[in-house]
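Q: Provided herewith: upload29.cif, mmCIF, C-alpha atoms.
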data_protein
loop_
_atom_site.label_atom_id
_atom_site.label_comp_id
_atom_site.auth_asym_id
_atom_site.auth_seq_id
_atom_site.Cartn_x
_atom_site.Cartn_y
_atom_site.Cartn_z
CA MET A 477 -15.77 -14.26 -10.71
CA GLU A 478 -17.29 -16.24 -13.50
CA GLU A 479 -15.85 -13.92 -16.09
CA ASP A 480 -12.23 -13.30 -16.83
CA GLU A 481 -10.75 -10.01 -15.71
CA PHE A 482 -13.91 -8.07 -16.25
CA ILE A 483 -16.85 -7.81 -13.94
CA GLY A 484 -20.46 -7.62 -14.94
CA GLU A 485 -22.70 -4.91 -13.62
CA LYS A 486 -24.47 -7.26 -11.23
CA THR A 487 -21.17 -8.30 -9.69
CA PHE A 488 -20.20 -4.64 -9.50
CA GLN A 489 -23.34 -3.83 -7.55
CA ARG A 490 -22.95 -6.80 -5.27
CA CYS A 491 -19.34 -5.90 -4.49
CA CYS A 492 -20.37 -2.31 -3.82
CA ALA A 493 -23.07 -3.50 -1.45
CA GLU A 494 -20.58 -5.59 0.50
CA PHE A 495 -18.15 -2.71 0.50
CA ILE A 496 -20.74 -0.29 1.80
CA LYS A 497 -21.82 -2.75 4.46
CA HIS A 498 -18.32 -2.68 5.90
CA SER A 499 -18.13 1.07 5.45
CA GLN A 500 -21.18 1.44 7.63
CA GLU A 501 -19.63 -0.79 10.27
CA ILE A 502 -16.61 1.46 10.56
CA GLY A 503 -18.28 4.78 9.86
CA ASP A 504 -16.43 5.41 6.62
CA SER A 505 -19.41 7.20 5.04
CA TRP A 506 -19.64 5.53 1.66
CA GLU A 507 -23.17 5.31 0.37
CA TRP A 508 -25.03 4.00 -2.62
CA ARG A 509 -26.90 6.46 -4.80
CA PRO A 510 -29.33 4.96 -7.25
CA SER A 511 -29.96 6.65 -10.56
CA LYS A 512 -33.37 8.18 -11.20
CA ASP A 513 -34.89 5.02 -12.57
CA CYS A 514 -33.01 2.91 -10.02
CA SER A 515 -31.70 0.60 -12.72
CA ASP A 516 -28.17 1.45 -11.81
CA GLY A 517 -26.32 3.73 -9.48
CA TYR A 518 -22.99 4.52 -7.97
CA MET A 519 -21.06 4.56 -4.73
CA CYS A 520 -20.24 7.90 -3.28
CA LYS A 521 -18.15 9.33 -0.49
CA ILE A 522 -17.71 12.90 0.60
CA HIS A 523 -15.06 14.06 2.96
CA PHE A 524 -13.76 17.38 4.12
CA GLN A 525 -10.20 18.31 4.63
CA ILE A 526 -8.39 21.42 5.68
CA LYS A 527 -5.79 22.44 3.18
CA ASN A 528 -2.74 23.57 5.03
CA GLU A 529 -1.86 26.90 3.57
CA PRO A 530 0.25 29.56 5.31
CA ALA A 531 -1.82 32.32 6.89
CA VAL A 532 -2.03 35.32 4.63
CA SER A 533 -2.33 38.86 5.86
CA HIS A 534 -4.77 41.04 4.00
CA PRO A 535 -4.63 44.47 5.51
CA GLY A 536 -7.54 46.49 4.36
CA THR A 537 -9.43 43.69 2.76
CA SER A 538 -10.85 41.92 5.75
CA THR A 539 -14.20 42.74 7.21
CA HIS A 540 -13.42 41.27 10.58
CA GLY A 541 -13.82 43.21 13.76
CA GLN A 542 -10.07 43.64 13.91
CA THR A 543 -8.51 46.87 12.85
CA CYS A 544 -8.26 47.00 9.09
CA LEU A 545 -5.58 49.31 7.84
CA PRO A 546 -4.29 50.04 4.39
CA MET A 547 -0.84 48.76 3.71
CA GLU A 548 0.97 52.05 4.37
CA GLU A 549 -0.50 52.58 7.78
CA ALA A 550 -0.01 48.95 8.74
CA PHE A 551 3.63 49.38 8.04
CA GLU A 552 3.90 52.21 10.50
CA LEU A 553 2.05 50.62 13.31
CA PRO A 554 4.05 47.82 14.82
CA SER A 555 1.08 46.02 16.22
CA ASP A 556 0.10 42.40 15.86
CA ASP A 557 -3.45 43.49 15.18
CA CYS A 558 -2.38 44.70 11.78
CA GLU A 559 -1.93 41.20 10.58
CA VAL A 560 -5.38 40.22 9.49
CA ILE A 561 -5.97 36.62 8.71
CA GLU A 562 -8.83 35.95 6.40
CA ALA A 563 -10.93 33.26 8.05
CA PRO A 564 -8.48 30.44 7.36
CA GLU A 565 -10.81 27.77 8.54
CA ALA A 566 -13.62 28.51 6.12
CA SER A 567 -11.54 29.40 3.10
CA GLN A 568 -9.25 26.44 3.30
CA VAL A 569 -11.66 23.62 3.90
CA ILE A 570 -11.88 21.46 0.83
CA LYS A 571 -14.73 19.13 0.04
CA TYR A 572 -13.66 15.96 -1.76
CA GLU A 573 -16.14 13.77 -3.52
CA TYR A 574 -15.38 10.31 -4.80
CA HIS A 575 -17.80 8.40 -6.97
CA VAL A 576 -17.44 4.82 -8.11
CA LEU A 577 -19.38 4.07 -11.27
CA TYR A 578 -19.58 1.10 -13.55
CA SER A 579 -18.34 1.48 -17.09
CA CYS A 580 -20.29 -0.68 -19.51
CA SER A 581 -17.83 -0.09 -22.29
CA TYR A 582 -14.76 -1.11 -20.28
CA GLN A 583 -16.65 -3.47 -17.97
CA VAL A 584 -14.74 -2.22 -14.99
CA PRO A 585 -15.43 0.27 -12.22
CA VAL A 586 -14.32 3.85 -12.75
CA LEU A 587 -13.34 6.44 -10.16
CA TYR A 588 -14.78 9.89 -10.62
CA PHE A 589 -13.77 12.65 -8.24
CA ARG A 590 -13.95 16.35 -7.72
CA ALA A 591 -12.96 18.82 -5.08
CA SER A 592 -14.12 22.30 -4.22
CA PHE A 593 -13.81 24.94 -1.56
CA LEU A 594 -16.81 25.55 0.64
CA ASP A 595 -17.81 28.58 -1.40
CA GLY A 596 -18.23 26.33 -4.40
CA ARG A 597 -15.02 27.22 -6.19
CA PRO A 598 -13.76 24.02 -7.76
CA LEU A 599 -10.19 22.92 -7.43
CA THR A 600 -8.32 23.00 -10.68
CA LEU A 601 -6.52 20.06 -12.14
CA LYS A 602 -3.32 21.71 -10.98
CA ASP A 603 -4.60 21.79 -7.39
CA ILE A 604 -5.51 18.15 -7.67
CA TRP A 605 -2.04 17.31 -8.91
CA GLU A 606 -0.49 18.88 -5.88
CA GLY A 607 -2.40 16.46 -3.72
CA VAL A 608 -1.33 13.38 -5.64
CA HIS A 609 0.93 11.09 -3.66
CA GLU A 610 4.59 11.61 -4.39
CA CYS A 611 5.11 8.10 -5.64
CA TYR A 612 2.58 8.56 -8.43
CA LYS A 613 3.42 12.12 -9.36
CA THR A 614 6.30 11.43 -11.71
CA ARG A 615 4.34 8.96 -13.73
CA LEU A 616 1.17 10.98 -13.86
CA LEU A 617 2.93 14.21 -14.69
CA GLN A 618 4.58 12.59 -17.65
CA GLY A 619 1.24 12.00 -19.26
CA PRO A 620 -1.53 13.42 -17.15
CA TRP A 621 -4.04 13.43 -19.93
CA ASP A 622 -3.69 9.72 -20.31
CA THR A 623 -4.68 8.98 -16.78
CA ILE A 624 -6.68 11.82 -15.25
CA THR A 625 -9.13 13.56 -17.52
CA GLN A 626 -12.14 15.71 -16.99
CA GLN A 627 -15.42 14.23 -18.09
CA GLU A 628 -19.09 14.60 -17.61
CA HIS A 629 -20.46 12.41 -14.85
CA PRO A 630 -22.71 9.88 -16.63
CA ILE A 631 -25.49 10.18 -14.08
CA LEU A 632 -25.15 13.69 -12.68
CA GLY A 633 -24.07 15.37 -15.88
CA GLN A 634 -21.55 17.53 -14.07
CA PRO A 635 -17.82 17.80 -14.75
CA PHE A 636 -15.68 15.45 -12.73
CA PHE A 637 -12.11 14.30 -12.90
CA VAL A 638 -11.79 10.69 -13.91
CA LEU A 639 -9.05 8.16 -13.42
CA HIS A 640 -9.06 6.56 -16.83
CA PRO A 641 -10.14 2.90 -16.73
CA CYS A 642 -8.30 1.59 -19.76
CA LYS A 643 -5.43 0.18 -17.70
CA THR A 644 -7.57 -1.26 -14.93
CA ASN A 645 -7.35 -4.80 -16.19
CA GLU A 646 -3.57 -4.64 -16.27
CA PHE A 647 -3.31 -4.39 -12.53
CA MET A 648 -6.49 -6.22 -11.58
CA THR A 649 -5.93 -9.34 -13.65
CA PRO A 650 -2.94 -10.71 -11.68
CA VAL A 651 -4.80 -10.19 -8.40
CA LEU A 652 -7.91 -11.96 -9.65
CA LYS A 653 -6.02 -14.80 -11.30
CA ASN A 654 -4.04 -15.34 -8.13
CA SER A 655 -7.13 -15.38 -5.97
CA ARG A 656 -8.80 -17.90 -8.27
CA LYS A 657 -5.72 -20.06 -8.05
CA ILE A 658 -5.93 -20.24 -4.29
CA ASN A 659 -9.71 -20.40 -4.27
CA LYS A 660 -10.14 -17.17 -2.39
CA ASN A 661 -12.99 -14.73 -2.70
CA VAL A 662 -11.94 -11.23 -3.45
CA ASN A 663 -14.14 -8.19 -3.39
CA TYR A 664 -13.22 -6.60 -6.71
CA ILE A 665 -14.23 -3.14 -5.56
CA THR A 666 -12.19 -3.34 -2.36
CA SER A 667 -9.07 -4.49 -4.20
CA TRP A 668 -9.51 -2.04 -7.03
CA LEU A 669 -10.18 0.95 -4.80
CA SER A 670 -7.24 0.11 -2.55
CA ILE A 671 -5.04 0.40 -5.63
CA VAL A 672 -6.47 3.44 -7.42
CA GLY A 673 -7.66 5.41 -4.41
CA PRO A 674 -4.27 6.53 -3.07
CA VAL A 675 -3.41 8.01 -6.46
CA VAL A 676 -6.07 10.66 -5.90
CA GLY A 677 -5.83 10.92 -2.17
CA LEU A 678 -8.33 8.32 -1.12
CA ASN A 679 -6.89 5.85 1.36
CA LEU A 680 -8.92 2.90 2.53
CA PRO A 681 -8.69 1.87 6.17
CA LEU A 682 -7.02 -1.51 6.61
CA SER A 683 -10.14 -3.08 8.03
CA TYR A 684 -11.54 -3.40 4.53
CA ALA A 685 -8.89 -6.00 3.83
CA LYS A 686 -10.00 -7.97 6.84
CA ALA A 687 -13.66 -7.62 5.96
CA THR A 688 -13.06 -9.62 2.82
CA SER A 689 -11.44 -12.37 4.85
CA GLN A 690 -14.37 -12.51 7.18
CA ASP A 691 -16.75 -12.84 4.28
CA GLN A 692 -14.82 -15.88 3.21
CA ARG A 693 -15.09 -17.51 6.57
CA ASN A 694 -18.83 -17.00 6.50
CA VAL A 695 -19.05 -18.44 3.04
CA ASP A 696 -17.42 -21.64 4.21
CA MET B 799 -5.29 13.23 -0.03
CA ALA B 800 -3.02 11.91 2.69
CA GLU B 801 -4.11 12.61 6.22
CA GLU B 802 -1.70 15.52 6.41
CA PRO B 803 -2.42 17.85 3.57
CA GLN B 804 1.11 19.10 3.49
CA SER B 805 2.20 15.61 2.54
CA VAL B 806 5.65 15.29 3.98
CA PHE B 807 7.10 12.42 2.02
CA GLN B 808 10.18 11.47 3.91
CA LEU B 809 11.35 7.98 4.50
CA PRO B 810 12.32 7.47 8.10
CA PRO B 811 16.07 7.81 8.51
CA SER B 812 17.85 4.56 8.26
CA SER B 813 21.32 3.50 9.21
CA ALA B 814 21.84 1.98 5.78
CA ALA B 815 23.40 4.30 3.28
CA GLY B 816 20.67 3.92 0.71
CA GLY B 817 17.93 4.12 3.26
CA GLU B 818 16.36 0.75 2.61
CA GLY B 819 17.21 -0.61 6.04
CA LEU B 820 16.33 -4.18 5.21
CA THR B 821 18.26 -7.02 6.68
CA GLU B 822 18.52 -10.44 5.16
CA VAL B 823 17.17 -13.13 7.41
CA SER B 824 17.10 -16.15 5.17
CA PRO B 825 20.16 -18.31 5.77
CA GLU B 826 20.12 -20.13 2.45
CA ILE B 827 21.19 -17.16 0.42
CA THR B 828 24.58 -17.74 -1.14
CA THR B 829 25.43 -14.82 -3.36
CA PRO B 830 22.55 -12.46 -3.47
CA GLU B 831 22.97 -9.22 -5.32
CA PRO B 832 21.20 -6.72 -3.20
CA PRO B 833 21.61 -3.04 -3.88
CA SER B 834 24.93 -1.93 -2.49
CA SER B 835 23.26 0.21 0.09
CA ALA B 836 21.20 -2.54 1.74
CA ALA B 837 22.28 -3.57 5.19
CA VAL B 838 23.18 -7.22 5.04
CA SER B 839 23.64 -9.27 8.16
CA PRO B 840 23.84 -12.93 7.13
CA GLY B 841 23.64 -15.42 9.90
CA ILE B 842 22.11 -13.14 12.46
CA GLU B 843 18.96 -14.72 13.76
CA GLU B 844 16.43 -12.13 14.75
CA PRO B 845 13.46 -13.75 16.35
CA ALA B 846 10.34 -11.81 15.58
CA GLY B 847 8.42 -10.45 18.52
CA ASP B 848 5.99 -7.72 19.31
CA THR B 849 8.53 -5.62 21.10
CA LYS B 850 11.16 -5.92 18.43
CA LYS B 851 11.99 -2.99 16.23
CA LYS B 852 12.04 -5.14 13.14
CA ILE B 853 9.48 -7.51 11.81
CA ASP B 854 9.87 -10.43 9.45
CA ILE B 855 8.38 -10.03 6.03
CA LEU B 856 7.98 -12.78 3.49
CA LEU B 857 7.71 -11.47 -0.04
CA LYS B 858 5.84 -13.48 -2.65
CA ALA B 859 5.59 -12.69 -6.33
CA VAL B 860 2.26 -12.59 -8.15
CA GLY B 861 1.72 -13.14 -11.84
CA ASP B 862 4.67 -12.65 -14.14
CA THR B 863 6.63 -10.64 -11.62
CA PRO B 864 10.19 -11.84 -11.14
CA ILE B 865 10.78 -13.77 -7.95
CA MET B 866 13.25 -12.28 -5.55
CA LYS B 867 16.18 -14.50 -4.63
CA THR B 868 15.83 -13.35 -1.08
CA LYS B 869 12.26 -13.61 0.05
CA LYS B 870 12.54 -13.14 3.76
CA TRP B 871 13.52 -9.79 5.15
CA ALA B 872 13.71 -8.19 8.55
CA VAL B 873 12.29 -4.73 8.18
CA GLU B 874 11.99 -1.82 10.58
CA ARG B 875 8.46 -1.35 11.78
CA THR B 876 8.40 2.22 10.60
CA ARG B 877 9.28 1.37 7.03
CA THR B 878 6.43 2.46 4.79
CA ILE B 879 4.89 0.50 1.97
CA GLN B 880 6.30 3.07 -0.40
CA GLY B 881 9.77 2.50 0.99
CA LEU B 882 9.36 -1.21 0.52
CA ILE B 883 8.11 -0.71 -3.04
CA ASP B 884 11.14 1.41 -3.89
CA PHE B 885 13.42 -1.23 -2.43
CA ILE B 886 11.88 -4.11 -4.34
CA LYS B 887 11.90 -2.13 -7.57
CA LYS B 888 15.62 -1.52 -7.18
CA PHE B 889 16.24 -5.09 -6.18
CA LEU B 890 14.40 -6.42 -9.20
CA LYS B 891 15.89 -3.71 -11.40
CA LEU B 892 12.52 -2.63 -12.72
CA VAL B 893 12.45 0.18 -15.24
CA ALA B 894 10.82 3.49 -14.47
CA SER B 895 7.71 2.74 -16.49
CA GLU B 896 6.92 -0.31 -14.40
CA GLN B 897 4.81 0.09 -11.33
CA LEU B 898 4.96 -2.25 -8.36
CA PHE B 899 2.04 -3.02 -6.09
CA ILE B 900 2.15 -4.66 -2.71
CA TYR B 901 -0.80 -6.55 -1.24
CA VAL B 902 -1.85 -7.91 2.10
CA ASN B 903 -4.19 -10.87 2.11
CA GLN B 904 -3.22 -11.22 -1.56
CA SER B 905 -5.90 -8.75 -2.53
CA PHE B 906 -5.67 -5.45 -0.70
CA ALA B 907 -3.13 -2.74 -1.46
CA PRO B 908 -2.28 -0.72 1.67
CA SER B 909 -1.74 2.98 1.04
CA PRO B 910 1.84 4.04 0.36
CA ASP B 911 2.26 5.74 3.74
CA GLN B 912 1.19 2.70 5.71
CA GLU B 913 3.87 1.39 8.05
CA VAL B 914 4.78 -2.28 7.87
CA GLY B 915 4.67 -2.51 11.66
CA THR B 916 0.98 -1.72 11.60
CA LEU B 917 0.40 -4.23 8.83
CA TYR B 918 2.24 -6.86 10.83
CA GLU B 919 -0.02 -6.25 13.79
CA CYS B 920 -3.13 -6.57 11.65
CA PHE B 921 -2.17 -9.30 9.21
CA GLY B 922 0.89 -11.01 10.60
CA SER B 923 0.81 -14.64 11.63
CA ASP B 924 3.39 -17.24 12.64
CA GLY B 925 5.75 -14.41 13.46
CA LYS B 926 5.81 -12.92 9.99
CA LEU B 927 3.94 -10.73 7.57
CA VAL B 928 3.33 -12.18 4.14
CA LEU B 929 3.19 -9.57 1.39
CA HIS B 930 2.52 -10.25 -2.24
CA TYR B 931 4.03 -8.00 -4.84
CA CYS B 932 3.11 -7.57 -8.46
CA LYS B 933 4.52 -5.45 -11.24
CA SER B 934 2.36 -3.70 -13.75
CA GLN B 935 2.46 -1.17 -16.52
CA ALA B 936 -0.73 0.35 -15.21
CA TRP B 937 0.29 3.94 -15.65
CA GLY B 938 3.24 3.51 -17.98
#
Represent the structure of the file as C-alpha cells.

A:
Amino acid sequence: MEEDEFIGEKTFQRCCAEFIKHSQEIGDSWEWRPSKDCSDGYMCKIHFQIKNEPAVSHPGTSTHGQTCLPMEEAFELPSDDCEVIEAPEASQVIKYEYHVLYSCSYQVPVLYFRASFLDGRPLTLKDIWEGVHECYKTRLLQGPWDTITQQEHPILGQPFFVLHPCKTNEFMTPVLKNSRKINKNVNYITSWLSIVGPVVGLNLPLSYAKATSQDQRNVD
Amino acid sequence: MAEEPQSVFQLPPSSAAGGEGLTEVSPEITTPEPPSSAAVSPGIEEPAGDTKKKIDILLKAVGDTPIMKTKKWAVERTRTIQGLIDFIKKFLKLVASEQLFIYVNQSFAPSPDQEVGTLYECFGSDGKLVLHYCKSQAWG
C-alpha cells in the first residue's frame, strides 16, 4: 500500500477483484456489480438461511389441505392433525445481502447489508441484532447507533444497514503496518472483511487467508 | 449469521475452573500471573502431534498491544477463537471497551466460532500455530 492506512479506490477495486477471484474458486458467490456508468461498483453476496424458529400452530388460519379448525374445536379433538404448521420452510427462509462499497469520504471500504424474508418483508434492526455474534453484542448494544445505522445505498438508493466506517482505520492500521514491516502483501479487503464480517453474521472461509499467501508466492 | 441460526454460544467444557483450559508450555516462565482459573502445568513437555488433543500456540503481539509474558500455550483443539480472545483479554487485563483481534497469517481474522484445532491444521507449521493478537478500540 503506497498510502498510509487508507486505500485509494483503485486499490479497493484491485483487492475486490482478487477477492472475487478466490471466491469463484471456492464457490463463495461474491460478485462485482458495476454502477450504471461503470466508473465504480461494489462487491455483493447473497445468501439464504433458514431462521430456526419453533413451529407455530395456527388453527383456522392455514389454507393447507390439513383440517383447519377454530381454536375451540381443536381443543376438543385430540388429534395431531389439529396442529397446523404454517409452511415453516418458506416463511422462515431469510435472504441476506452483503455489499462492499468504497467510501470516498473515509477512504475505506464500507459494509452495507440487509435481510428480508422471501415475501419481501425486511428484517428489522432488532432482528438483525439477534443475529449478531454474542461476543459483539454487549458492545454494539451499548451504542448501536454509533456502529450500525440505516442509510441509503449510494448506488441502489435503497435502505440498507451499514457498519459505520469511522473506526475502520483503528483496527486496520496495526495490521497494515505490521505487514509492511515484514514485507508481506495483504489483501486489504480480505483482512477487513474477516474482521467486520462476523459482527453481522458474515464469516469468511479460511481459504481466503491462504489465497493471500499464494498471491505472495506468485509475486516473488 | 453463524452457520446455526440459533447461535449456541457455549465454550466447550473445560477441566479448568475458569474454563480457559490453557496450559503453559514455555519453561522459562518464572512467576507468571495467569488468571487464577488457568490450568498451569510447568515442566510438562507436551510434544505437539496430529493426534494430540492439545496444540501448541505461539501468541505474538501486534502494534501497541501489550506482550504476554507467556507466549507459548498448549490449547485444546476445540477451543474457539472467541475463547482464546476472552482468555487473552483477562490475561492482559484489558478493559471492557477494548476489543481484541486474533489473526492467522498476520492478516486474516478467523471467525469467533472457529476452533484452534482447525486453524492448526490449516496454518500450523513446525508443530505450532502462530497467532497474532492486537487490541483496538474499534467499537468502544

Q: Give the residues of chain A that lie within 8 Å of chain B; count all atoms listed in the file, and format the answer as a ChimeraX atom specification.

A: /A:525-528,607-611,615-616,623,643-644,646-647,650-651,653-655,662,666-667,670-671,674,676-680,682,685,689

Q: What would the selection look like, as a short mmCIF file (atom, residue, chain, number, x, y, z; two decimals) with C-alpha atoms, keeping the file's coordinate frame, if the PyMOL selection byres ((chain A and resi 518-522) around 10) were run on the coordinates I just shared?

A:
data_model
loop_
_atom_site.label_atom_id
_atom_site.label_comp_id
_atom_site.auth_asym_id
_atom_site.auth_seq_id
_atom_site.Cartn_x
_atom_site.Cartn_y
_atom_site.Cartn_z
CA PHE A 488 -20.20 -4.64 -9.50
CA GLN A 489 -23.34 -3.83 -7.55
CA CYS A 492 -20.37 -2.31 -3.82
CA ALA A 493 -23.07 -3.50 -1.45
CA PHE A 495 -18.15 -2.71 0.50
CA ILE A 496 -20.74 -0.29 1.80
CA ASP A 504 -16.43 5.41 6.62
CA SER A 505 -19.41 7.20 5.04
CA TRP A 506 -19.64 5.53 1.66
CA GLU A 507 -23.17 5.31 0.37
CA TRP A 508 -25.03 4.00 -2.62
CA ARG A 509 -26.90 6.46 -4.80
CA PRO A 510 -29.33 4.96 -7.25
CA SER A 511 -29.96 6.65 -10.56
CA ASP A 516 -28.17 1.45 -11.81
CA GLY A 517 -26.32 3.73 -9.48
CA HIS A 523 -15.06 14.06 2.96
CA PHE A 524 -13.76 17.38 4.12
CA LYS A 571 -14.73 19.13 0.04
CA TYR A 572 -13.66 15.96 -1.76
CA GLU A 573 -16.14 13.77 -3.52
CA TYR A 574 -15.38 10.31 -4.80
CA HIS A 575 -17.80 8.40 -6.97
CA VAL A 576 -17.44 4.82 -8.11
CA LEU A 577 -19.38 4.07 -11.27
CA TYR A 578 -19.58 1.10 -13.55
CA PRO A 585 -15.43 0.27 -12.22
CA VAL A 586 -14.32 3.85 -12.75
CA LEU A 587 -13.34 6.44 -10.16
CA TYR A 588 -14.78 9.89 -10.62
CA PHE A 589 -13.77 12.65 -8.24
CA ARG A 590 -13.95 16.35 -7.72
CA ALA A 591 -12.96 18.82 -5.08
CA ILE A 631 -25.49 10.18 -14.08
CA LEU A 678 -8.33 8.32 -1.12
#

Q: By how many Å are atom CA of A:Gln634 and atom CA of A:His498 apart?

A: 28.6 Å

Q: I'd like the interatomic distance between atom CA of A:Trp668 and atom CA of B:Trp871, to a tenth of an Å.

A: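 That distance, rounded to one decimal, is 27.2 Å.
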